[in-house]
file work04.cif (mmCIF, C-alpha atoms)
data_work
loop_
_atom_site.label_atom_id
_atom_site.label_comp_id
_atom_site.auth_asym_id
_atom_site.auth_seq_id
_atom_site.Cartn_x
_atom_site.Cartn_y
_atom_site.Cartn_z
CA MET H 766 107.80 116.08 149.93
CA THR H 767 105.36 117.73 147.58
CA MET H 768 103.08 120.51 148.68
CA ASN H 769 100.87 122.92 146.89
CA LYS H 770 102.07 126.46 146.54
CA GLY H 771 100.77 128.74 149.22
CA GLN H 772 98.75 126.03 150.90
CA PRO H 773 99.40 125.72 154.59
CA VAL H 774 99.97 122.16 155.66
CA PRO H 775 99.06 121.64 159.28
CA ARG H 776 101.25 119.00 160.84
CA HIS H 777 99.55 118.72 164.20
CA ALA H 778 95.96 119.07 165.14
CA PRO H 779 95.21 122.30 166.93
CA MET H 780 94.56 122.20 170.60
CA ALA H 781 90.78 122.14 170.52
CA ALA H 782 90.18 119.22 172.83
CA ALA H 783 89.18 120.55 176.23
CA GLN H 784 88.49 124.23 176.53
CA PRO H 785 88.31 125.98 179.89
CA PRO H 786 84.91 127.44 180.78
CA GLY H 787 84.32 130.87 179.32
CA SER H 788 86.88 130.43 176.59
CA PRO H 789 85.61 131.32 173.11
CA SER H 790 84.87 128.61 170.58
CA ASP H 791 86.56 128.57 167.19
CA LEU H 792 83.37 129.93 165.65
CA GLU H 793 83.34 132.81 168.10
CA LEU H 794 87.00 133.52 167.30
CA MET H 795 86.15 133.65 163.61
CA GLN H 796 83.21 135.97 164.30
CA TYR H 797 85.47 138.14 166.44
CA PHE H 798 88.11 138.25 163.68
CA ASP H 799 85.45 139.21 161.13
CA GLY H 800 84.04 141.89 163.44
CA GLU H 801 80.70 140.10 163.64
CA LEU H 802 80.67 139.27 167.35
CA GLU H 803 78.17 141.25 169.42
CA GLU H 804 78.75 142.84 172.79
CA PRO H 805 79.22 141.85 175.59
CA ARG H 806 80.70 138.67 174.21
CA ARG H 807 83.08 140.67 172.02
CA SER H 808 84.74 142.30 175.03
CA ALA H 809 84.96 138.96 176.80
CA VAL H 810 86.69 137.37 173.80
CA ALA H 811 89.05 140.35 173.48
CA ALA H 812 90.03 140.00 177.12
CA PHE H 813 90.55 136.28 176.72
CA LEU H 814 92.69 136.83 173.61
CA SER H 815 95.00 139.23 175.36
CA ALA H 816 95.89 136.54 177.88
CA ASP H 817 95.80 133.31 175.89
CA LEU H 818 98.58 132.52 173.42
CA GLY H 819 96.69 129.61 171.91
CA ALA H 820 93.78 131.82 170.98
CA GLN H 821 96.22 134.44 169.68
CA ASN H 822 97.77 131.82 167.42
CA LYS H 823 94.35 130.87 166.11
CA VAL H 824 93.58 134.49 165.26
CA ALA H 825 97.02 134.82 163.66
CA GLY H 826 96.18 131.78 161.52
CA LEU H 827 92.93 133.43 160.48
CA ARG H 828 94.86 136.58 159.58
CA ILE H 829 97.31 134.61 157.45
CA THR H 830 94.52 132.73 155.68
CA SER H 831 92.69 135.99 155.05
CA ALA H 832 95.85 137.57 153.60
CA ILE H 833 96.40 134.59 151.28
CA LEU H 834 92.81 134.69 150.04
CA ARG H 835 92.95 138.46 149.53
CA ASP H 836 96.19 138.18 147.57
CA GLU H 837 94.78 135.37 145.43
CA ALA H 838 91.64 137.37 144.69
CA GLU H 839 93.69 140.43 143.72
CA SER H 840 95.92 138.42 141.40
CA LEU H 841 92.85 136.88 139.75
CA SER H 842 91.19 140.24 139.23
CA ALA H 843 94.43 141.64 137.81
CA ALA H 844 94.63 138.80 135.31
CA ASP H 845 91.10 139.00 133.91
CA GLY H 846 92.23 140.73 130.71
CA ILE H 847 91.15 144.29 131.47
CA ALA H 848 94.55 145.62 130.41
CA ASP H 849 94.34 143.76 127.09
CA LEU H 850 90.86 145.13 126.44
CA VAL H 851 92.00 148.69 127.14
CA MET H 852 95.03 148.34 124.86
CA ALA H 853 92.85 146.86 122.08
CA LYS H 854 90.49 149.81 122.40
CA ILE H 855 93.39 152.26 122.15
CA HIS H 856 94.76 150.56 119.06
CA ALA H 857 91.30 150.50 117.45
CA ASP H 858 90.85 154.25 117.85
CA PRO H 859 92.12 155.93 114.63
CA SER H 860 92.66 159.29 116.35
CA VAL H 861 95.32 157.77 118.60
CA GLY H 862 98.81 157.75 117.21
CA ALA H 863 98.39 160.53 114.60
CA PRO H 864 100.57 163.55 115.33
CA VAL H 865 98.54 166.44 116.66
CA LEU H 866 99.91 169.89 115.83
CA PRO H 867 98.45 173.17 116.94
CA PRO H 868 96.89 175.16 114.12
CA GLN H 869 99.69 177.74 113.99
CA ALA H 870 102.47 175.18 113.94
CA GLN H 871 104.44 174.79 110.73
CA VAL H 872 107.05 172.27 109.81
CA LEU H 873 110.15 174.13 108.64
CA PRO H 874 113.31 172.75 107.10
CA PHE H 875 116.38 172.75 109.31
CA PRO H 876 118.26 176.02 108.69
CA THR H 877 121.53 175.75 106.75
CA LEU H 878 124.61 177.94 107.06
CA SER H 879 124.14 180.78 104.60
CA SER H 880 127.76 181.91 104.89
CA LYS H 881 129.10 178.67 103.48
CA PRO H 882 130.39 179.22 99.92
CA ALA H 883 128.86 177.05 97.28
CA ALA H 884 131.22 174.49 95.81
CA PRO H 885 131.94 174.72 92.12
CA ALA H 886 130.07 172.18 90.05
CA ASN H 887 133.21 170.67 88.56
CA ASP H 888 135.29 170.38 91.78
CA ASN H 889 135.96 166.65 92.41
CA SER H 890 138.66 167.23 95.00
CA ARG H 891 136.19 166.75 97.88
CA ARG H 892 135.25 163.29 96.60
CA ILE H 893 138.90 162.35 96.15
CA PHE H 894 139.70 163.59 99.62
CA ALA H 895 136.80 161.56 101.12
CA ALA H 896 137.90 158.46 99.22
CA LEU H 897 141.44 158.80 100.53
CA GLY H 898 140.07 159.32 104.03
CA ALA H 899 138.09 156.09 103.72
CA LEU H 900 141.22 154.38 102.44
CA ALA H 901 143.09 155.56 105.52
CA VAL H 902 140.35 154.24 107.81
CA ALA H 903 140.41 150.92 105.94
CA ALA H 904 144.18 150.78 106.40
CA ALA H 905 143.70 151.43 110.10
CA ALA H 906 141.15 148.63 110.32
CA ALA H 907 143.43 146.27 108.41
CA PHE H 908 146.26 146.99 110.81
CA ALA H 909 143.95 146.46 113.73
CA LEU H 910 142.79 143.08 112.39
CA TRP H 911 146.32 142.09 111.62
CA GLY H 912 147.25 142.81 115.22
CA ARG H 913 144.31 140.73 116.40
CA THR H 914 144.75 137.68 114.23
CA ALA H 915 148.49 137.42 114.52
CA PRO H 916 149.43 137.97 118.15
CA PRO H 917 153.02 137.61 119.17
CA VAL H 918 153.68 134.16 120.50
CA ASP H 919 154.69 134.15 124.12
CA PRO H 920 156.28 130.83 125.05
CA ALA H 921 155.45 131.36 128.70
CA ARG H 922 151.77 131.53 127.81
CA SER H 923 151.40 128.70 125.40
CA THR H 924 148.62 126.94 127.33
CA PRO H 925 146.24 125.33 124.87
CA VAL H 926 142.72 126.66 124.89
CA ALA H 927 141.30 123.17 125.28
CA ALA H 928 142.85 122.89 128.70
CA VAL H 929 140.94 125.91 129.94
CA THR H 930 137.60 124.25 130.57
CA ALA H 931 138.57 122.03 133.46
CA PRO H 932 135.53 122.24 135.76
CA SER H 933 136.08 122.76 139.42
CA THR H 934 134.19 120.56 141.87
CA VAL H 935 132.05 123.38 143.19
CA PRO H 936 131.34 126.36 140.99
CA THR H 937 132.07 129.66 142.58
CA ALA H 938 128.92 131.18 141.17
CA VAL H 939 125.59 129.64 140.39
CA ASN H 940 124.17 130.28 136.97
CA PRO H 941 120.97 132.17 137.75
CA GLU H 942 119.29 131.19 134.51
CA PRO H 943 120.26 127.64 133.64
CA GLU H 944 119.48 126.48 130.18
CA ILE H 945 116.18 124.68 129.88
CA ASP H 946 115.70 122.28 127.04
CA ALA H 947 112.22 121.72 125.67
CA ALA H 948 112.04 118.15 126.90
CA SER H 949 112.53 119.16 130.49
CA VAL H 950 109.65 121.60 130.51
CA ASN H 951 106.89 119.88 132.39
CA ALA H 952 104.46 120.60 135.13
CA GLU H 953 106.99 119.98 137.88
CA ALA H 954 109.47 122.35 136.30
CA ASP H 955 106.90 125.10 135.96
CA THR H 956 107.47 126.29 139.49
CA GLU H 957 111.05 126.43 140.61
CA HIS H 958 111.64 125.88 144.30
CA GLY H 959 114.96 127.43 145.15
CA VAL H 960 114.87 125.54 148.41
CA GLU H 961 113.08 122.23 148.86
CA VAL H 962 112.11 120.87 152.24
CA ALA H 963 113.70 117.45 152.50
CA ALA H 964 112.49 116.60 156.01
CA VAL H 965 110.73 118.45 158.79
CA ASN H 966 109.66 117.72 162.34
CA PHE H 967 107.54 120.40 163.96
CA GLY H 968 107.72 118.71 167.36
CA ALA H 969 104.88 119.74 169.63
CA HIS H 970 103.95 122.73 167.52
CA MET H 971 101.59 123.35 164.70
CA GLY H 972 103.47 124.19 161.54
CA SER H 973 102.93 125.05 157.92
CA ILE H 974 105.10 125.21 154.83
CA PHE H 975 104.53 127.97 152.31
CA TYR H 976 106.03 128.43 148.89
CA VAL H 977 105.86 132.18 148.41
CA PRO H 978 106.34 133.63 144.91
CA SER H 979 109.67 135.39 145.02
CA GLY H 980 109.34 137.54 141.93
CA SER H 981 106.94 138.08 139.12
CA ILE H 982 104.26 135.50 138.43
CA GLU H 983 105.94 134.74 135.11
CA ALA H 984 109.21 133.91 136.83
CA LYS H 985 107.52 131.04 138.72
CA ARG H 986 110.15 131.01 141.41
CA THR H 987 109.22 130.53 145.01
CA THR H 988 110.76 131.04 148.41
CA THR H 989 110.24 128.38 151.05
CA VAL H 990 108.82 129.47 154.39
CA VAL H 991 108.38 127.21 157.41
CA TRP H 992 105.92 128.79 159.82
CA LEU H 993 105.43 127.50 163.35
CA ALA H 994 102.93 128.45 166.01
CA ASP H 995 104.75 129.32 169.21
CA ASP H 996 102.50 128.70 172.21
CA ALA H 997 105.20 129.11 174.83
CA GLY H 998 106.25 132.54 173.64
CA GLU H 999 109.33 134.26 174.87
CA MET B 398 142.23 172.58 92.92
CA SER B 399 144.40 169.80 91.55
CA LEU B 400 145.31 166.60 93.34
CA LEU B 401 148.92 167.70 93.54
CA HIS B 402 147.95 170.72 95.60
CA ARG B 403 146.14 168.42 98.02
CA PHE B 404 149.28 166.33 98.60
CA PRO B 405 150.00 167.60 102.15
CA GLN B 406 146.44 166.81 103.24
CA ILE B 407 146.59 163.37 101.64
CA ALA B 408 149.92 162.60 103.29
CA LEU B 409 148.59 163.77 106.63
CA CYS B 410 145.51 161.58 106.23
CA LEU B 411 147.50 158.49 105.32
CA SER B 412 149.92 158.96 108.18
CA LEU B 413 147.02 159.44 110.57
CA GLY B 414 145.46 156.22 109.31
CA LEU B 415 148.71 154.31 109.74
CA SER B 416 149.13 155.72 113.24
CA LEU B 417 145.60 154.70 114.17
CA GLY B 418 146.18 151.23 112.83
CA LEU B 419 149.40 150.78 114.75
CA LEU B 420 147.77 152.17 117.89
CA ALA B 421 144.80 149.84 117.56
CA ARG B 422 147.07 146.89 117.00
CA GLY B 423 149.06 147.71 120.08
CA THR B 424 145.93 148.24 122.17
CA LEU B 425 144.35 144.98 121.09
CA ALA B 426 147.55 143.14 121.69
CA ASP B 427 147.65 144.62 125.19
CA ASP B 428 144.01 143.67 125.75
CA SER B 429 144.69 140.08 124.87
CA ARG B 430 147.35 139.72 127.51
CA PRO B 431 145.30 140.19 130.68
CA ALA B 432 142.64 137.84 129.32
CA ALA B 433 145.08 134.98 129.34
CA PRO B 434 145.16 134.43 133.14
CA ALA B 435 141.37 134.16 133.22
CA GLN B 436 141.57 131.25 130.81
CA THR B 437 144.16 129.35 132.71
CA PRO B 438 142.94 126.13 134.30
CA ALA B 439 141.43 126.29 137.74
CA PRO B 440 143.98 125.96 140.48
CA ALA B 441 144.41 122.52 141.93
CA GLN B 442 142.99 123.52 145.31
CA SER B 443 139.48 124.10 143.87
CA ALA B 444 139.37 120.49 142.75
CA THR B 445 139.53 119.27 146.33
CA PRO B 446 136.17 118.39 147.88
CA VAL B 447 134.46 121.34 149.52
CA THR B 448 133.32 120.55 153.04
CA SER B 449 132.15 123.93 154.26
CA VAL B 450 130.10 126.82 152.98
CA ASN B 451 129.34 130.29 154.19
CA MET B 452 125.78 131.12 155.07
CA GLU B 453 124.01 134.39 155.73
CA VAL B 454 121.40 134.52 158.49
CA ILE B 455 118.93 137.36 158.77
CA VAL B 456 116.92 137.80 161.95
CA LEU B 457 113.82 139.99 161.62
CA HIS B 458 111.24 141.15 164.12
CA ALA B 459 107.79 141.17 162.57
CA THR B 460 105.13 143.32 164.20
CA ASN B 461 102.05 145.27 163.30
CA ASP B 462 103.30 148.57 164.69
CA GLY B 463 103.00 150.31 161.33
CA THR B 464 106.66 151.23 160.94
CA GLY B 465 107.01 149.39 157.65
CA ILE B 466 109.93 147.38 156.38
CA ASP B 467 113.35 148.36 157.70
CA PRO B 468 115.44 149.62 154.74
CA LYS B 469 118.46 147.85 156.24
CA ILE B 470 116.82 144.55 155.39
CA GLY B 471 117.35 145.11 151.69
CA LYS B 472 115.29 143.76 148.85
CA ILE B 473 113.19 140.82 150.00
CA PRO B 474 109.91 141.22 148.10
CA GLU B 475 108.41 138.17 149.78
CA LEU B 476 107.91 140.23 152.96
CA SER B 477 105.01 142.02 151.34
CA LYS B 478 103.30 138.80 150.34
CA PRO B 479 101.33 136.28 152.39
CA PRO B 480 102.00 134.86 154.90
CA PHE B 481 104.53 137.61 155.69
CA SER B 482 101.98 140.32 154.89
CA SER B 483 100.03 139.37 158.01
CA TYR B 484 102.58 141.65 159.67
CA ASN B 485 103.06 145.16 158.34
CA SER B 486 106.43 145.95 159.91
CA TYR B 487 109.77 144.18 159.76
CA LYS B 488 112.83 145.33 161.65
CA LEU B 489 116.33 143.95 161.19
CA LEU B 490 117.68 142.59 164.47
CA ASP B 491 120.79 140.75 163.36
CA ARG B 492 122.52 139.64 160.19
CA PRO B 493 125.38 137.28 161.00
CA LYS B 494 127.40 135.31 158.48
CA ILE B 495 128.43 131.85 159.59
CA ALA B 496 130.72 129.19 158.25
CA VAL B 497 128.94 125.87 158.15
CA THR B 498 131.06 122.76 158.01
CA LYS B 499 129.93 119.37 156.86
CA GLY B 500 129.00 117.25 159.85
CA ALA B 501 129.58 120.00 162.42
CA GLN B 502 126.98 122.27 164.00
CA SER B 503 127.23 126.02 163.91
CA THR B 504 125.07 127.91 166.38
CA VAL B 505 123.34 131.26 166.09
CA LYS B 506 122.07 132.89 169.27
CA LEU B 507 118.59 134.24 168.70
CA PRO B 508 117.21 137.38 170.39
CA ASN B 509 114.72 135.31 172.40
CA GLY B 510 117.54 133.37 174.04
CA ARG B 511 117.11 130.27 171.94
CA ASP B 512 119.88 128.68 169.89
CA MET B 513 119.53 127.89 166.23
CA ALA B 514 121.84 125.08 165.14
CA VAL B 515 122.80 124.88 161.48
CA MET B 516 124.69 122.00 159.92
CA LEU B 517 125.80 121.18 156.40
CA LYS B 518 124.81 117.59 155.79
CA ASP B 519 125.88 117.18 152.22
CA ILE B 520 126.83 118.90 148.99
CA ILE B 521 125.01 117.49 146.00
CA ALA B 522 126.89 117.83 142.74
CA PRO B 523 124.88 118.81 139.64
CA ALA B 524 123.22 115.87 137.94
CA LYS B 525 123.81 117.38 134.53
CA LYS B 526 125.67 120.29 133.06
CA GLY B 527 123.97 123.58 133.78
CA ASP B 528 122.30 122.40 136.96
CA PRO B 529 123.34 124.17 140.15
CA THR B 530 125.11 122.55 143.04
CA ARG B 531 122.68 122.00 145.90
CA TYR B 532 123.38 121.98 149.61
CA LEU B 533 121.59 119.81 152.15
CA VAL B 534 121.31 122.01 155.23
CA SER B 535 119.87 120.92 158.54
CA THR B 536 118.43 123.40 161.03
CA SER B 537 116.98 123.08 164.53
CA ILE B 538 116.04 125.50 167.29
CA GLN B 539 116.63 124.74 170.96
CA LYS B 540 115.06 126.45 173.94
CA PRO B 541 117.34 127.52 176.81
CA GLY B 542 116.03 124.81 179.12
CA GLY B 543 117.06 122.09 176.73
CA ASN B 544 113.67 121.60 175.13
CA THR B 545 113.42 121.75 171.40
CA PHE B 546 111.28 124.29 169.61
CA LEU B 547 111.99 123.04 166.09
CA PRO B 548 113.48 119.55 166.24
CA LEU B 549 114.40 119.19 162.58
CA LEU B 550 114.28 121.05 159.32
CA ASP B 551 116.32 119.65 156.45
CA VAL B 552 116.33 121.63 153.24
CA ASN B 553 117.88 121.10 149.86
CA ALA B 554 119.00 124.57 148.84
CA LYS B 555 120.60 126.32 145.93
CA ALA B 556 123.22 128.93 146.72
CA GLY B 557 121.79 132.43 146.94
CA GLU B 558 118.22 131.36 147.69
CA TRP B 559 116.57 132.38 150.96
CA PHE B 560 114.49 130.09 153.10
CA PHE B 561 112.71 131.25 156.20
CA VAL B 562 111.72 129.92 159.60
CA ALA B 563 109.06 132.10 161.17
CA GLY B 564 106.64 132.13 164.05
CA GLN B 565 108.52 132.37 167.35
CA THR B 566 106.70 134.95 169.43
CA TYR B 567 108.90 137.86 170.47
CA LYS B 568 108.08 141.29 171.92
CA GLY B 569 104.57 141.65 170.60
CA GLY B 570 105.36 140.06 167.28
CA ILE B 571 107.28 137.15 165.91
CA LEU B 572 110.80 136.35 164.78
CA VAL B 573 111.40 135.69 161.12
CA ILE B 574 114.73 134.02 160.44
CA GLY B 575 116.06 133.78 156.91
CA LEU B 576 118.98 131.63 155.85
CA LYS B 577 120.80 131.30 152.57
CA VAL B 578 123.92 129.59 151.35
CA LEU B 579 126.30 132.18 149.97
CA PRO B 580 127.60 131.51 146.47
#
call {"tool": "encode", "arguments": {"input": "work04.cif", "output": "structure tokens"}}
result
Amino acid sequence: MTMNKGQPVPRHAPMAAAQPPGSPSDLELMQYFDGELEEPRRSAVAAFLSADLGAQNKVAGLRITSAILRDEAESLSAADGIADLVMAKIHADPSVGAPVLPPQAQVLPFPTLSSKPAAPANDNSRRIFAALGALAVAAAAAFALWGRTAPPVDPARSTPVAAVTAPSTVPTAVNPEPEIDAASVNAEADTEHGVEVAAVNFGAHMGSIFYVPSGSIEAKRTTTVVWLADDAGE
Amino acid sequence: MSLLHRFPQIALCLSLGLSLGLLARGTLADDSRPAAPAQTPAPAQSATPVTSVNMEVIVLHATNDGTGIDPKIGKIPELSKPPFSSYNSYKLLDRPKIAVTKGAQSTVKLPNGRDMAVMLKDIIAPAKKGDPTRYLVSTSIQKPGGNTFLPLLDVNAKAGEWFFVAGQTYKGGILVIGLKVLP
């Protein structure tokens, strides 16, 4: 089953066949939802809505559609490049980025210890001492590497490394970011449905399937939502 | 100062270096030992076919009472996006974990008195290396009188991914039921 992201897919026609007298039309419900219905009809529709689950479901559908459209409009306005233009303007301004110091500020060298005696010009013992220190560190590193490359052989643990990679039937953890080779990148793979609807039967109800973005837009991962209208209620 | 006078310092330095080296060798050798069990082959029991998985079910009450999203729900960012954003408040009602066995139904009692049946239909092995295992899960919701609210919903799911069934009216709002296969 392939459905567009965020597009509700009605499975059953809404119950608009025979309406009881006095019940609001779909147009009136839309006007009521938009706040465009005049009195006294507005009060009559409000009273009807409070008692009729079918009409409540229709208004809920309008609310969902309105939320989807609002979200889409916001994401489009956020992606129109305003941020890039602002950043380009900042980078183009030469005054930005230069260090600004108050007029009285002065850059001073870091103070040194005045009590430290000056070393004689011909004293090489410090260099020799540093070289021997480095030699000691090198010896330590050599010992460490020796210990790493020549471990003691334990006969009880002589399992070959090649035998380690026996795959189990079901992995205990799913790799959250599987490797994607360039050949597999196509339009279908752009959006990753963590859960795909294989089959659905909404019965006597009106239903929709949504693929809701589950993270950032760049992640292109969606969460599957099956939404049913419940006329019978509790 | 001559090199001879520095002999105690040099000897101390060399002995310190040797001690460090021996210590490092011993430490690394110790580190290599616990790593060995992790590289041993998987036990034989994991090679047997898996016929059941654990699933987490989350039952939420969505309303527009302005109380916001219950912190006990945890991080589900989808709740602030359409179509969920048509309700501004979500309260956690229940969060059971169920064991779902292949071919057998597990039932979750919903707050509105209905029963949600969940069944594991199949486990689909990865087609190629790196692909996740997928689980074919079947769900239905029965009314108390025997009628069916949702006759059938079969999904092909990765472990750790939520899917939701929403819309049952309940106490001035709706029920939102999330399900996921636990890794």
call {"tool": "closest_residue", "arguments": {"input": "work04.cif", "among": "H:Met795, H:Ala812, H:Val851, H:Leu818", "to": "Tyr567 (chain B)", "atoms": "all atoms listed in the file"}}
result
H:Leu818
call {"tool": "residues_around", "arguments": {"input": "work04.cif", "residues": "Phe560 (chain B)", "least_positions_apart": "3", "cutoff": "6 Å", "atoms": "all atoms listed in the file", "output": "PyMOL selection string"}}
result
(chain H and resi 989-990) or (chain B and resi 575-576)
call {"tool": "write_last_selection", "arguments": {"input": "work04.cif", "atoms": "C-alpha atoms", "output": "short mmCIF file (atom, residue, chain, number, x, y, z; two decimals), in the coordinates of the input"}}
result
data_model
loop_
_atom_site.label_atom_id
_atom_site.label_comp_id
_atom_site.auth_asym_id
_atom_site.auth_seq_id
_atom_site.Cartn_x
_atom_site.Cartn_y
_atom_site.Cartn_z
CA THR H 989 110.24 128.38 151.05
CA VAL H 990 108.82 129.47 154.39
CA GLY B 575 116.06 133.78 156.91
CA LEU B 576 118.98 131.63 155.85
#
call {"tool": "resolve_selection", "arguments": {"input": "work04.cif", "expression": "the PyMOL selection byres ((chain B and resi 517) around 6)", "output": "PDB file with C-alpha atoms, in the coordinates of the input"}}
result
ATOM      1  CA  VAL B 497     128.940 125.870 158.150  1.00  0.00           C
ATOM      2  CA  THR B 498     131.060 122.760 158.010  1.00  0.00           C
ATOM      3  CA  LYS B 499     129.930 119.370 156.860  1.00  0.00           C
ATOM      4  CA  MET B 516     124.690 122.000 159.920  1.00  0.00           C
ATOM      5  CA  LYS B 518     124.810 117.590 155.790  1.00  0.00           C
ATOM      6  CA  ASP B 519     125.880 117.180 152.220  1.00  0.00           C
ATOM      7  CA  VAL B 534     121.310 122.010 155.230  1.00  0.00           C
TER       8      VAL B 534
END
call {"tool": "atom_distance", "arguments": {"input": "work04.cif", "atom1": "CA of Lys568 (chain B)", "atom2": "CA of Asp817 (chain H)"}}
result
15.2 Å
call {"tool": "atom_distance", "arguments": {"input": "work04.cif", "atom1": "CA of Pro789 (chain H)", "atom2": "CA of Ile829 (chain H)"}}
result
19.8 Å
call {"tool": "atom_distance", "arguments": {"input": "work04.cif", "atom1": "CA of Val573 (chain B)", "atom2": "CA of Glu793 (chain H)"}}
result
29.1 Å
call {"tool": "closest_residue", "arguments": {"input": "work04.cif", "among": "B:Pro468, B:Pro493, B:Gly570, B:Gly500", "to": "Ile520 (chain B)", "atoms": "all atoms listed in the file"}}
result
B:Gly500
call {"tool": "residues_near_point", "arguments": {"input": "work04.cif", "point": "(126.3, 120.7, 164.7)", "cutoff": "7 Å", "atoms": "only C-alpha atoms", "output": "ChimeraX atom specification"}}
result
/B:500-503,514-516
call {"tool": "resolve_selection", "arguments": {"input": "work04.cif", "expression": "the PyMOL selection byres ((chain B and resi 450-455) around 7)", "output": "list in words"}}
result
Ser449, Val456, Leu457, Asp491, Arg492, Pro493, Lys494, Ile495, Ala496, Val497, Thr498, Ile574, Gly575, Leu576, Lys577, Val578 and Leu579 of chain B
call {"tool": "write_last_selection", "arguments": {"input": "work04.cif", "atoms": "C-alpha atoms", "output": "PDB file, keeping the file's coordinate frame"}}
result
ATOM      1  CA  SER B 449     132.150 123.930 154.260  1.00  0.00           C
ATOM      2  CA  VAL B 456     116.920 137.800 161.950  1.00  0.00           C
ATOM      3  CA  LEU B 457     113.820 139.990 161.620  1.00  0.00           C
ATOM      4  CA  ASP B 491     120.790 140.750 163.360  1.00  0.00           C
ATOM      5  CA  ARG B 492     122.520 139.640 160.190  1.00  0.00           C
ATOM      6  CA  PRO B 493     125.380 137.280 161.000  1.00  0.00           C
ATOM      7  CA  LYS B 494     127.400 135.310 158.480  1.00  0.00           C
ATOM      8  CA  ILE B 495     128.430 131.850 159.590  1.00  0.00           C
ATOM      9  CA  ALA B 496     130.720 129.190 158.250  1.00  0.00           C
ATOM     10  CA  VAL B 497     128.940 125.870 158.150  1.00  0.00           C
ATOM     11  CA  THR B 498     131.060 122.760 158.010  1.00  0.00           C
ATOM     12  CA  ILE B 574     114.730 134.020 160.440  1.00  0.00           C
ATOM     13  CA  GLY B 575     116.060 133.780 156.910  1.00  0.00           C
ATOM     14  CA  LEU B 576     118.980 131.630 155.850  1.00  0.00           C
ATOM     15  CA  LYS B 577     120.800 131.300 152.570  1.00  0.00           C
ATOM     16  CA  VAL B 578     123.920 129.590 151.350  1.00  0.00           C
ATOM     17  CA  LEU B 579     126.300 132.180 149.970  1.00  0.00           C
TER      18      LEU B 579
END
call {"tool": "resolve_selection", "arguments": {"input": "work04.cif", "expression": "the PyMOL selection byres ((chain B and resi 460) around 7)", "output": "list in words"}}
result
His458, Ala459, Asn461, Asp462, Tyr484, Asn485, Ser486, Tyr487, Gly569, Gly570 and Ile571 of chain B
